[in-house]
>>> print(open('query29.cif').read())   # mmCIF, C-alpha atoms
data_coords
loop_
_atom_site.label_atom_id
_atom_site.label_comp_id
_atom_site.auth_asym_id
_atom_site.auth_seq_id
_atom_site.Cartn_x
_atom_site.Cartn_y
_atom_site.Cartn_z
CA MET A 18 42.23 -71.98 11.38
CA LYS A 19 39.82 -72.43 14.27
CA LYS A 20 36.50 -73.94 13.30
CA THR A 21 34.69 -70.95 14.79
CA THR A 22 36.72 -68.68 12.51
CA LEU A 23 36.11 -70.93 9.52
CA PHE A 24 32.36 -70.91 10.14
CA ARG A 25 32.34 -67.11 10.33
CA LYS A 26 34.22 -67.06 7.03
CA TYR A 27 31.62 -69.32 5.44
CA LEU A 28 28.85 -67.00 6.62
CA GLU A 29 30.59 -63.99 5.10
CA ASP A 30 31.34 -65.70 1.76
CA ARG A 31 29.39 -64.65 -1.31
CA ASP A 32 28.00 -68.16 -1.84
CA ILE A 33 25.26 -69.35 0.49
CA LEU A 34 26.27 -72.07 2.98
CA LEU A 35 24.22 -75.28 2.69
CA ALA A 36 23.91 -77.00 6.06
CA PRO A 37 21.88 -80.18 6.59
CA ILE A 38 20.74 -80.99 10.09
CA ALA A 39 22.27 -84.36 10.90
CA HIS A 40 19.99 -87.12 12.18
CA ASP A 41 22.90 -88.46 14.25
CA ALA A 42 26.69 -88.77 14.13
CA LEU A 43 26.54 -91.21 11.21
CA GLY A 44 24.29 -88.81 9.31
CA GLY A 45 26.80 -86.04 9.93
CA LEU A 46 29.65 -88.18 8.64
CA ILE A 47 27.68 -89.02 5.50
CA ALA A 48 26.92 -85.32 4.92
CA GLU A 49 30.60 -84.50 5.24
CA ARG A 50 31.57 -87.31 2.85
CA ALA A 51 29.01 -85.96 0.39
CA GLY A 52 30.81 -82.61 0.42
CA PHE A 53 28.84 -80.35 2.78
CA LYS A 54 31.07 -77.80 4.52
CA CYS A 55 28.99 -77.61 7.69
CA VAL A 56 26.39 -79.68 9.55
CA ILE A 57 23.90 -78.75 12.24
CA SER A 58 22.82 -80.49 15.44
CA ALA A 59 19.26 -79.45 16.26
CA GLY A 60 16.07 -80.38 18.08
CA PHE A 61 13.94 -81.87 15.30
CA ALA A 62 16.48 -84.54 14.37
CA ASN A 63 17.78 -85.08 17.90
CA SER A 64 14.29 -85.67 19.29
CA ALA A 65 13.63 -88.17 16.52
CA SER A 66 16.95 -90.00 16.74
CA LEU A 67 17.26 -90.10 20.53
CA PHE A 68 13.65 -90.56 21.61
CA ALA A 69 11.59 -91.23 18.46
CA LYS A 70 9.49 -88.26 19.56
CA PRO A 71 8.52 -84.93 17.96
CA ASP A 72 10.33 -81.66 18.62
CA VAL A 73 8.38 -80.40 21.65
CA GLN A 74 11.37 -79.74 23.96
CA LEU A 75 11.72 -83.18 25.43
CA LEU A 76 15.48 -82.67 25.09
CA THR A 77 17.30 -81.36 28.15
CA LEU A 78 20.45 -79.24 27.93
CA ASN A 79 22.55 -82.34 28.58
CA ASP A 80 20.75 -84.25 25.81
CA ALA A 81 21.35 -81.46 23.30
CA VAL A 82 24.97 -80.94 24.27
CA ASP A 83 25.71 -84.67 24.18
CA ALA A 84 24.18 -84.98 20.71
CA ALA A 85 26.21 -81.99 19.52
CA TRP A 86 29.40 -83.41 21.02
CA ARG A 87 28.89 -86.79 19.34
CA LEU A 88 28.37 -85.08 16.00
CA ALA A 89 31.36 -82.76 16.41
CA ASP A 90 33.53 -85.74 17.36
CA ALA A 91 32.47 -87.66 14.24
CA VAL A 92 33.20 -85.00 11.60
CA THR A 93 35.95 -82.55 10.72
CA VAL A 94 33.68 -79.79 9.37
CA PRO A 95 32.16 -77.10 11.63
CA VAL A 96 29.11 -78.18 13.62
CA PHE A 97 26.50 -75.54 14.48
CA GLY A 98 24.24 -76.20 17.48
CA ASP A 99 20.78 -75.41 18.78
CA ALA A 100 20.33 -74.01 22.28
CA ASP A 101 16.52 -73.91 21.94
CA ASN A 102 15.21 -71.25 24.32
CA GLY A 103 18.16 -71.52 26.69
CA TYR A 104 16.67 -74.10 29.10
CA GLY A 105 15.74 -71.49 31.69
CA GLY A 106 16.78 -67.98 32.70
CA THR A 107 19.96 -66.06 32.03
CA THR A 108 22.04 -68.18 34.41
CA ASN A 109 20.91 -71.34 32.62
CA ILE A 110 21.76 -69.76 29.29
CA ALA A 111 25.27 -68.90 30.42
CA ARG A 112 25.78 -72.53 31.41
CA ALA A 113 24.32 -73.71 28.09
CA ILE A 114 26.70 -71.56 26.05
CA ARG A 115 29.74 -72.75 27.99
CA SER A 116 28.56 -76.36 27.60
CA PHE A 117 28.09 -76.07 23.84
CA GLU A 118 31.49 -74.44 23.47
CA LYS A 119 33.11 -77.31 25.36
CA ALA A 120 31.25 -79.76 23.08
CA GLY A 121 33.15 -78.34 20.12
CA VAL A 122 30.38 -76.60 18.21
CA VAL A 123 30.98 -73.27 16.46
CA GLY A 124 27.81 -71.49 17.55
CA VAL A 125 24.17 -71.89 18.48
CA LEU A 126 20.67 -70.70 17.75
CA LEU A 127 18.88 -69.03 20.66
CA GLU A 128 15.15 -68.45 20.34
CA ASP A 129 12.36 -66.55 22.07
CA GLN A 130 9.75 -69.28 22.54
CA THR A 131 8.35 -70.05 25.97
CA PHE A 132 8.90 -73.42 27.66
CA PRO A 133 8.11 -75.97 26.36
CA LYS A 134 9.06 -74.81 22.90
CA ARG A 135 8.07 -76.68 19.77
CA CYS A 136 9.18 -76.99 16.17
CA GLY A 137 8.86 -73.60 14.52
CA HIS A 138 6.52 -74.92 11.82
CA MET A 139 4.02 -76.30 14.35
CA ALA A 140 0.93 -74.50 15.57
CA GLY A 141 0.45 -73.41 19.17
CA LYS A 142 3.70 -71.51 19.71
CA SER A 143 4.10 -68.73 22.27
CA ILE A 144 6.97 -66.33 22.89
CA VAL A 145 8.45 -64.47 25.85
CA PRO A 146 8.36 -60.67 26.13
CA MET A 147 11.06 -58.88 24.16
CA GLU A 148 12.88 -57.69 27.29
CA GLU A 149 13.19 -61.24 28.60
CA TYR A 150 14.51 -62.48 25.27
CA LEU A 151 17.06 -59.68 24.99
CA ALA A 152 18.35 -60.46 28.47
CA LYS A 153 18.92 -64.03 27.30
CA ILE A 154 20.80 -62.85 24.22
CA LYS A 155 23.03 -60.62 26.33
CA ALA A 156 23.70 -63.47 28.75
CA ALA A 157 24.69 -65.72 25.85
CA VAL A 158 27.01 -63.12 24.33
CA ASP A 159 28.69 -62.47 27.68
CA ALA A 160 29.09 -66.17 28.48
CA ARG A 161 31.05 -67.27 25.41
CA GLN A 162 34.77 -67.71 25.85
CA ASP A 163 35.64 -67.58 22.14
CA SER A 164 34.62 -64.23 20.68
CA GLU A 165 34.09 -65.95 17.31
CA PHE A 166 31.56 -68.41 18.70
CA THR A 167 28.46 -67.45 16.72
CA ILE A 168 25.21 -66.53 18.45
CA VAL A 169 22.30 -66.59 15.99
CA ALA A 170 19.22 -64.89 17.38
CA ARG A 171 16.04 -66.68 16.34
CA THR A 172 12.52 -65.33 16.71
CA ASP A 173 9.14 -67.00 16.30
CA ALA A 174 7.36 -63.66 16.64
CA LEU A 175 6.27 -63.53 12.99
CA ALA A 176 3.48 -66.09 13.45
CA LEU A 177 2.20 -64.38 16.60
CA ASN A 178 2.87 -60.65 16.35
CA GLY A 179 3.84 -60.04 12.73
CA MET A 180 7.01 -59.15 10.88
CA ASP A 181 7.54 -55.74 12.49
CA ASP A 182 7.88 -57.28 15.94
CA ALA A 183 10.09 -60.09 14.61
CA LEU A 184 12.49 -57.64 12.97
CA GLU A 185 12.48 -55.35 16.00
CA ARG A 186 13.48 -58.24 18.26
CA LEU A 187 16.32 -59.24 15.97
CA HIS A 188 17.62 -55.69 15.49
CA ARG A 189 17.79 -55.31 19.28
CA ALA A 190 19.48 -58.70 19.62
CA ILE A 191 22.09 -57.65 17.06
CA GLU A 192 22.73 -54.46 19.01
CA LEU A 193 23.49 -56.65 22.04
CA GLY A 194 26.03 -58.74 20.15
CA ALA A 195 24.18 -61.46 18.23
CA ASN A 196 26.20 -62.40 15.13
CA GLY A 197 23.39 -63.85 13.03
CA ALA A 198 19.61 -63.69 12.73
CA PHE A 199 16.78 -66.06 11.91
CA VAL A 200 13.10 -65.25 11.42
CA GLU A 201 11.35 -68.60 11.74
CA ALA A 202 8.66 -69.61 9.24
CA PRO A 203 8.24 -66.68 6.83
CA ARG A 204 5.26 -67.48 4.62
CA THR A 205 5.96 -65.56 1.40
CA ARG A 206 8.90 -64.45 -0.70
CA ASP A 207 8.36 -60.89 0.50
CA GLU A 208 8.57 -62.02 4.12
CA MET A 209 11.67 -64.03 3.28
CA ARG A 210 13.25 -60.96 1.68
CA LEU A 211 12.59 -58.96 4.83
CA ALA A 212 13.96 -61.77 6.99
CA ALA A 213 17.17 -61.72 4.94
CA SER A 214 17.55 -57.94 5.10
CA LEU A 215 19.09 -57.71 8.56
CA PRO A 216 22.66 -56.35 8.95
CA VAL A 217 24.18 -59.72 9.94
CA PRO A 218 24.27 -63.12 8.20
CA THR A 219 20.76 -64.56 8.07
CA LEU A 220 19.51 -68.14 8.09
CA ALA A 221 16.76 -69.71 6.00
CA ASN A 222 15.10 -72.90 7.23
CA ILE A 223 13.73 -75.04 4.40
CA HIS A 224 11.31 -77.80 5.30
CA LEU A 225 9.27 -79.64 2.65
CA ALA A 226 6.22 -79.78 4.93
CA GLY A 227 6.73 -76.34 6.47
CA ARG A 228 5.16 -72.93 6.06
CA THR A 229 8.09 -71.31 4.23
CA PRO A 230 8.25 -71.43 0.42
CA VAL A 231 10.62 -74.19 -0.66
CA LEU A 232 13.20 -72.37 -2.78
CA PRO A 233 16.50 -73.61 -4.21
CA ALA A 234 19.70 -72.35 -2.63
CA GLY A 235 20.45 -70.02 -5.54
CA GLU A 236 17.20 -68.13 -5.03
CA LEU A 237 17.75 -67.96 -1.29
CA GLN A 238 21.16 -66.46 -1.94
CA GLU A 239 19.61 -63.86 -4.24
CA LEU A 240 17.16 -62.95 -1.47
CA GLY A 241 20.13 -62.29 0.81
CA PHE A 242 20.43 -65.36 3.04
CA ALA A 243 23.90 -66.47 4.14
CA ILE A 244 23.04 -70.00 5.26
CA VAL A 245 20.24 -72.46 4.59
CA ALA A 246 19.40 -75.24 7.03
CA TYR A 247 17.62 -78.43 5.98
CA PRO A 248 16.05 -79.69 9.23
CA ALA A 249 14.19 -82.81 8.13
CA VAL A 250 15.85 -84.23 5.02
CA GLN A 251 18.03 -86.79 6.77
CA SER A 252 15.47 -87.85 9.38
CA MET A 253 12.63 -88.23 6.91
CA ALA A 254 14.80 -89.95 4.30
CA ILE A 255 16.02 -92.46 6.88
CA ALA A 256 12.48 -93.11 8.10
CA HIS A 257 11.16 -93.55 4.56
CA HIS A 258 13.93 -95.93 3.54
CA LEU A 259 13.91 -98.01 6.71
CA LEU A 260 10.14 -98.40 6.67
CA GLY A 261 10.40 -99.98 3.24
CA VAL A 262 13.35 -102.19 4.07
CA MET A 263 11.91 -103.40 7.40
CA HIS A 264 8.50 -104.08 5.83
CA ASP A 265 10.04 -106.16 3.04
CA LEU A 266 12.38 -108.02 5.39
CA LEU A 267 9.50 -108.99 7.66
CA LYS A 268 7.30 -109.96 4.71
CA ARG A 269 9.89 -112.11 2.94
CA GLY A 270 12.18 -113.20 5.75
CA ASP A 271 15.20 -113.11 3.45
CA VAL A 272 17.90 -110.47 3.78
CA ASN A 273 18.98 -111.20 0.21
CA ASP A 274 15.79 -109.48 -0.95
CA VAL A 275 16.88 -106.16 0.55
CA GLY A 276 20.62 -106.50 0.00
CA ASP A 277 20.63 -104.19 -3.01
CA ARG A 278 19.24 -101.39 -0.80
CA MET A 279 22.12 -101.59 1.66
CA LEU A 280 25.83 -100.91 1.70
CA ASN A 281 27.76 -104.14 1.92
CA PHE A 282 29.89 -104.86 4.99
CA ASP A 283 33.14 -103.56 3.52
CA GLN A 284 31.50 -100.39 2.20
CA PHE A 285 29.91 -99.67 5.55
CA THR A 286 33.03 -100.31 7.63
CA ASP A 287 35.03 -98.16 5.19
CA LEU A 288 32.50 -95.37 5.71
CA ILE A 289 32.82 -95.45 9.49
CA GLY A 290 36.61 -95.57 9.42
CA LEU A 291 37.60 -99.17 10.16
CA PRO A 292 40.60 -99.18 7.76
CA GLN A 293 42.03 -96.08 9.45
CA LEU A 294 41.57 -97.61 12.90
CA ARG A 295 43.28 -100.83 11.85
CA SER A 296 46.14 -98.85 10.32
CA SER A 297 46.55 -96.92 13.57
CA GLU A 298 46.53 -100.12 15.60
CA ASP A 299 49.19 -101.66 13.34
CA MET A 300 51.36 -98.55 13.62
CA HIS A 301 51.21 -98.56 17.42
CA ALA A 302 51.93 -102.29 17.52
CA ARG A 303 55.03 -101.79 15.33
CA LEU A 304 56.25 -98.92 17.50
CA ALA A 305 55.77 -101.03 20.63
CA GLN A 306 57.75 -103.87 19.06
CA GLU A 307 60.57 -101.49 18.13
CA VAL A 308 60.75 -100.10 21.66
CA ALA A 309 60.66 -103.59 23.14
CA GLY A 310 63.48 -104.63 20.80
CA LYS A 311 65.65 -101.69 21.81
CA LEU A 312 65.12 -102.46 25.49
CA SER A 313 66.10 -106.11 24.93
CA SER A 314 69.32 -105.12 23.17
CA VAL A 315 70.26 -102.76 26.02
CA ARG A 316 69.78 -105.49 28.56
#
>>> encode(input="query29.cif", output="structure tokens")
Amino acid sequence: MKKTTLFRKYLEDRDILLAPIAHDALGGLIAERAGFKCVISAGFANSASLFAKPDVQLLTLNDAVDAAWRLADAVTVPVFGDADNGYGGTTNIARAIRSFEKAGVVGVLLEDQTFPKRCGHMAGKSIVPMEEYLAKIKAAVDARQDSEFTIVARTDALALNGMDDALERLHRAIELGANGAFVEAPRTRDEMRLAASLPVPTLANIHLAGRTPVLPAGELQELGFAIVAYPAVQSMAIAHHLLGVMHDLLKRGDVNDVGDRMLNFDQFTDLIGLPQLRSSEDMHARLAQEVAGKLSSVR
């Protein structure tokens, strides 16, 4: 089954799909090993991992696509991407969609913020007129080569114009072919219920420091969401842990003092696939020896 088809199946399943946003390729691999069926490549984590900067659209299209490709290459589960606001007009969006498809992701978010966009839970956002956003959605839908590549329409209109405008934008985007919908930063359960009421699979974005109520997956499923993204868990967990380890290593100057907070060498190389690589190398070496032996006997 194609990964795009598998992702669509997950969205249509009764159980909500839990999807952490990976801090990097290693974070994606760890999420897959933990049992998650999908991971996401998105701006908050990519800005932090690539530049150590906040999510204020410092990422170019090439940065975002490269990060998504590295993640998709590291895992076997579907990877969902983030096309931000499309990196320009409709022609730019068409190029972005084709680029993300070639990177191996199963779909993307496309939002209505102006350039430069910022994390949806930050203040100071602004959005483009509805007509401009809908033109971008149509361009994205028309550009995809795989009809099962998922376009999730995202709007930040709630914080600026209210829920009616946010829902109107998404209903129109769905009419133009968007396969999913995402109202960013609902502030109450009632707003979350409205955000989940659209006639396509809907996404909830749960951030411990954000504006949306932090609800468990079961409650989000009851509200009607099909997928929940966790944008900051990996990045903030890594930062918290490394701050402690680096502080203690500098203070004590002895790696033995932080050894119990690390994987050992064998555990880490097992995680990143060294045994499988060595096995593959040995297999190819044996095959080469067999071929060389057959050639010698012929001569």
>>> resolve_selection(input="query29.cif", expression="the PyMOL selection byres ((chain A and resi 32) around 10)", output="ChimeraX atom specification")
/A:27-31,33-35,234-235,238-239,242-244
>>> write_last_selection(input="query29.cif", atoms="C-alpha atoms", output="PDB file, keeping the file's coordinate frame")
ATOM      1  CA  TYR A  27      31.620 -69.320   5.440  1.00  0.00           C
ATOM      2  CA  LEU A  28      28.850 -67.000   6.620  1.00  0.00           C
ATOM      3  CA  GLU A  29      30.590 -63.990   5.100  1.00  0.00           C
ATOM      4  CA  ASP A  30      31.340 -65.700   1.760  1.00  0.00           C
ATOM      5  CA  ARG A  31      29.390 -64.650  -1.310  1.00  0.00           C
ATOM      6  CA  ILE A  33      25.260 -69.350   0.490  1.00  0.00           C
ATOM      7  CA  LEU A  34      26.270 -72.070   2.980  1.00  0.00           C
ATOM      8  CA  LEU A  35      24.220 -75.280   2.690  1.00  0.00           C
ATOM      9  CA  ALA A 234      19.700 -72.350  -2.630  1.00  0.00           C
ATOM     10  CA  GLY A 235      20.450 -70.020  -5.540  1.00  0.00           C
ATOM     11  CA  GLN A 238      21.160 -66.460  -1.940  1.00  0.00           C
ATOM     12  CA  GLU A 239      19.610 -63.860  -4.240  1.00  0.00           C
ATOM     13  CA  PHE A 242      20.430 -65.360   3.040  1.00  0.00           C
ATOM     14  CA  ALA A 243      23.900 -66.470   4.140  1.00  0.00           C
ATOM     15  CA  ILE A 244      23.040 -70.000   5.260  1.00  0.00           C
TER      16      ILE A 244
END
>>> atom_distance(input="query29.cif", atom1="atom CA of A:Val94", atom2="atom CA of A:Ala120")
13.9 Å
>>> axis_aligned_box(input="query29.cif", around="stretch 157-172 of chain A", padding_each_side="8 Å", output="AutoDock Vina command-line options")
--center_x 24.1 --center_y -65.4 --center_z 22.2 --size_x 39.1 --size_y 21.9 --size_z 28.5
>>> atom_distance(input="query29.cif", atom1="atom CA of A:Gly45", atom2="atom CA of A:Ala89")
8.6 Å
>>> residues_around(input="query29.cif", residues="A:Ala62", least_positions_apart="4", cutoff="9 Å", atoms="only C-alpha atoms", output="list of chain:residue names")
A:Ile38, A:Ala39, A:His40, A:Asp41, A:Ser58, A:Ser66, A:Leu67, A:Pro71, A:Asp72, A:Pro248, A:Ala249, A:Gln251, A:Ser252
>>> write_last_selection(input="query29.cif", atoms="C-alpha atoms", output="PDB file, in the coordinates of the input")
ATOM      1  CA  ILE A  38      20.740 -80.990  10.090  1.00  0.00           C
ATOM      2  CA  ALA A  39      22.270 -84.360  10.900  1.00  0.00           C
ATOM      3  CA  HIS A  40      19.990 -87.120  12.180  1.00  0.00           C
ATOM      4  CA  ASP A  41      22.900 -88.460  14.250  1.00  0.00           C
ATOM      5  CA  SER A  58      22.820 -80.490  15.440  1.00  0.00           C
ATOM      6  CA  SER A  66      16.950 -90.000  16.740  1.00  0.00           C
ATOM      7  CA  LEU A  67      17.260 -90.100  20.530  1.00  0.00           C
ATOM      8  CA  PRO A  71       8.520 -84.930  17.960  1.00  0.00           C
ATOM      9  CA  ASP A  72      10.330 -81.660  18.620  1.00  0.00           C
ATOM     10  CA  PRO A 248      16.050 -79.690   9.230  1.00  0.00           C
ATOM     11  CA  ALA A 249      14.190 -82.810   8.130  1.00  0.00           C
ATOM     12  CA  GLN A 251      18.030 -86.790   6.770  1.00  0.00           C
ATOM     13  CA  SER A 252      15.470 -87.850   9.380  1.00  0.00           C
TER      14      SER A 252
END
>>> closest_residue(input="query29.cif", among="A:Phe68, A:Leu151, A:Lys54, A:Ala84", to="A:Asn102", atoms="all atoms listed in the file")
A:Leu151
>>> closest_residue(input="query29.cif", among="A:Ser116, A:Ser296, A:Asn196, A:Thr205", to="A:Pro218", atoms="all atoms listed in the file")
A:Asn196
